[in-house]
Structures are given as structure tokens and as C-alpha cells.
Amino acid sequence: MKKRIYLTIANVLLLSVMNLSNDGLAQGKQNSGVMEGVQLFWKADFDKAIAELQNTITNNALSRDDIFSAYVYIGFSHARAGHSSELIENAFRKAVEINPTLKLDTGKIPPDLVKRFDGVRNEMIGSVYITSVPENATIIVYDSRNRVQYQGNTPQLVAPLLTGIYDIRLNKKGYLETPWTATVFPSTTDTIRVTLQQKHMPFYKKWWTWTAAGGIALASAYAILSEEDTASEQPGNTDLPVPPNRP
């Protein structure tokens, strides 16, 4: 009877954990091998869980979320089996490298495991706060492999980011593109303030930005000057009466 109750509780916990949310583990339908490994963990068969999950990672084309879940549960299994801290932390690091944005749901995962995972995660991620003058500049953040990690507008807190060096590009209409390099440190938010430089417009473009009234006034002045010049060159070309020709 006790064994049956224990299995029932384990199954309830398993179903609860597999019903994952945004702040839990991976979403959607999981790979069958990953699900089997998770079930083995919740049945306290930790060595088999590790073997199943590692085999699934090696021999299957898994989604990003599946790989994240597999490494997290490998870490859980190492922890519950009393294995070395190195094995536990290596598994958690691989999970964070796959997706540093995902967190564990403390309502579904035992608090001691969440604390262990968060300790590793916090050592691997940081953030950067980007502002610009003027504001509302487009920012694109690239990692060391030239992959886009974030795209948005200033001012913006970009988090979480794996620790490392990032290339940042800021753009705004009428201003030169501004490159920037940021180093992200663990558990730290760095602040970047960038002053954008205006583009220098050619003279002819500036001339055409004069107001319509100014342009009309200039054209009128030019027309008056032209008429005066013509009159001085051709004094008889007027509407006034002229003396008759002398014989």
C-alpha cells in the first residue's frame, strides 16, 4: 500500500513537472528519450536517468528546449546520486549555454535543486544597460560568433547575456552608425552611454532645406535684379513714350 501511494505521488509530481510554463523548463512536446530520462529521475533511478538522457543527447537531433531539459535533469540526477560537484555544475553550465534566459519553476522543482542551478547560472550571466543621446536609437547586440542576441531601441536593459564580449551597433536616422564593444561580467549590469554623431549633409542638400517662403523671396529678388539689369542695358525698351525720331 505504501509503495502504491509513493508511486502515485511520484506520478503526480512528474505530471506537474512535465506541464511546463514560461518560467519553468522547456515548453511544448518533448522528445520521448528526454521524457523517459525525466521519469527515471522522478522514480529515483538516477544512474539510469543520466544514461538515458546522455544517450538521447548523443543520438538524436533534439530541439534547443529538449537539450536544455536533458542537461538540467542530468545535473539533478548527479546531485541526487551524490556525485561530484564538477559533474553537477558541468551539466548545469551546458544547459545555461543552450538557453541563458530560462529559469526553473520553484513551485515544481525542489528548492535545493533550484538553488544549485541558480548558483551556476548566476556565475555565467550578466547584463548591459544601453542608453544613447539622442534616445530611441536602434541597437543590435552580436555575440563573439556574430549571432544576433538582441535587437531593440534605446534606452534598454539587455539581459540576460552569457559572460563575454559583445559587439553593439547603434543606428538612428540622420546620425552615423556607432559601433561599441561591451564586456559582460557575471552577476553585473554594465551601463553604456553613447552619443551619436550627426551626419554632415552636402551643401546642395542643405540649400534645398530652406523654407518655401525664403525660396520665393530669393526668386523674387533675383527677378527684380534681372529686370533692373535689363533696363540699364536696354533703356528704350519700356512702355513710356519716347521722343519722335529727328529728321
# chains A, B, ... in the order shown; residues from 1 in each chain; ligands from 1

call {"tool": "residues_around", "arguments": {"residues": "range 137-140 of chain A", "least_positions_apart": "3", "cutoff": "9 Å", "atoms": "only C-alpha atoms", "output": "list in words"}}
result
Ile130, Thr131, Ser132, Val133, Pro134, Val148, Gln149, Tyr150, Gln151, Gly152, Asn153, Thr154, Pro155, Gln156, Asp167, Ile168, Arg169, Leu170, Asn171, Lys172, Lys173 and Leu196 of chain A

call {"tool": "select_by_dssp", "arguments": {"residues": "range 78-141 of chain A", "states": "helix (DSSP H, G or I)", "output": "list in words"}}
result
His78, Ala79, Arg80, Ser85, Glu86, Leu87, Ile88, Glu89, Asn90, Ala91, Phe92, Arg93, Lys94, Ala95, Val96, Glu97, Ile98, Pro111, Asp112, Leu113, Val114, Lys115, Arg116, Phe117, Asp118, Gly119, Val120, Arg121 and Asn122 of chain A

call {"tool": "residues_around", "arguments": {"residues": "Thr189 in chain A", "least_positions_apart": "6", "cutoff": "10 Å", "atoms": "only C-alpha atoms", "output": "PyMOL selection string"}}
result
chain A and resi 125-129+157-160

call {"tool": "atom_distance", "arguments": {"atom1": "CA of Ile88 in chain A", "atom2": "CA of Gln54 in chain A"}}
result
13.5 Å

call {"tool": "residues_around", "arguments": {"residues": "range 96-106 of chain A", "least_positions_apart": "3", "cutoff": "7 Å", "atoms": "only C-alpha atoms", "output": "compact mmCIF listing (two decimals) with C-alpha atoms, in the first residue's frame"}}
result
# COMPACT_ATOMS: atom_id res chain seq x y z
CA ASP A 23 9.47 30.29 -16.22
CA GLY A 24 9.85 26.52 -15.98
CA LEU A 25 11.85 24.28 -18.29
CA ARG A 64 17.07 23.60 -28.11
CA PHE A 68 18.22 22.30 -22.08
CA PHE A 92 24.05 22.92 -15.48
CA ARG A 93 26.60 25.01 -17.42
CA ILE A 109 11.28 21.80 -8.72
CA PRO A 110 12.70 21.11 -5.22
CA PRO A 111 14.19 24.33 -3.78
CA VAL A 114 16.79 25.30 -7.96
CA ARG A 121 23.55 30.30 -13.79
CA PRO A 160 20.43 38.01 -19.50
CA LEU A 161 23.62 37.64 -21.53
CA LEU A 162 26.29 34.99 -21.13
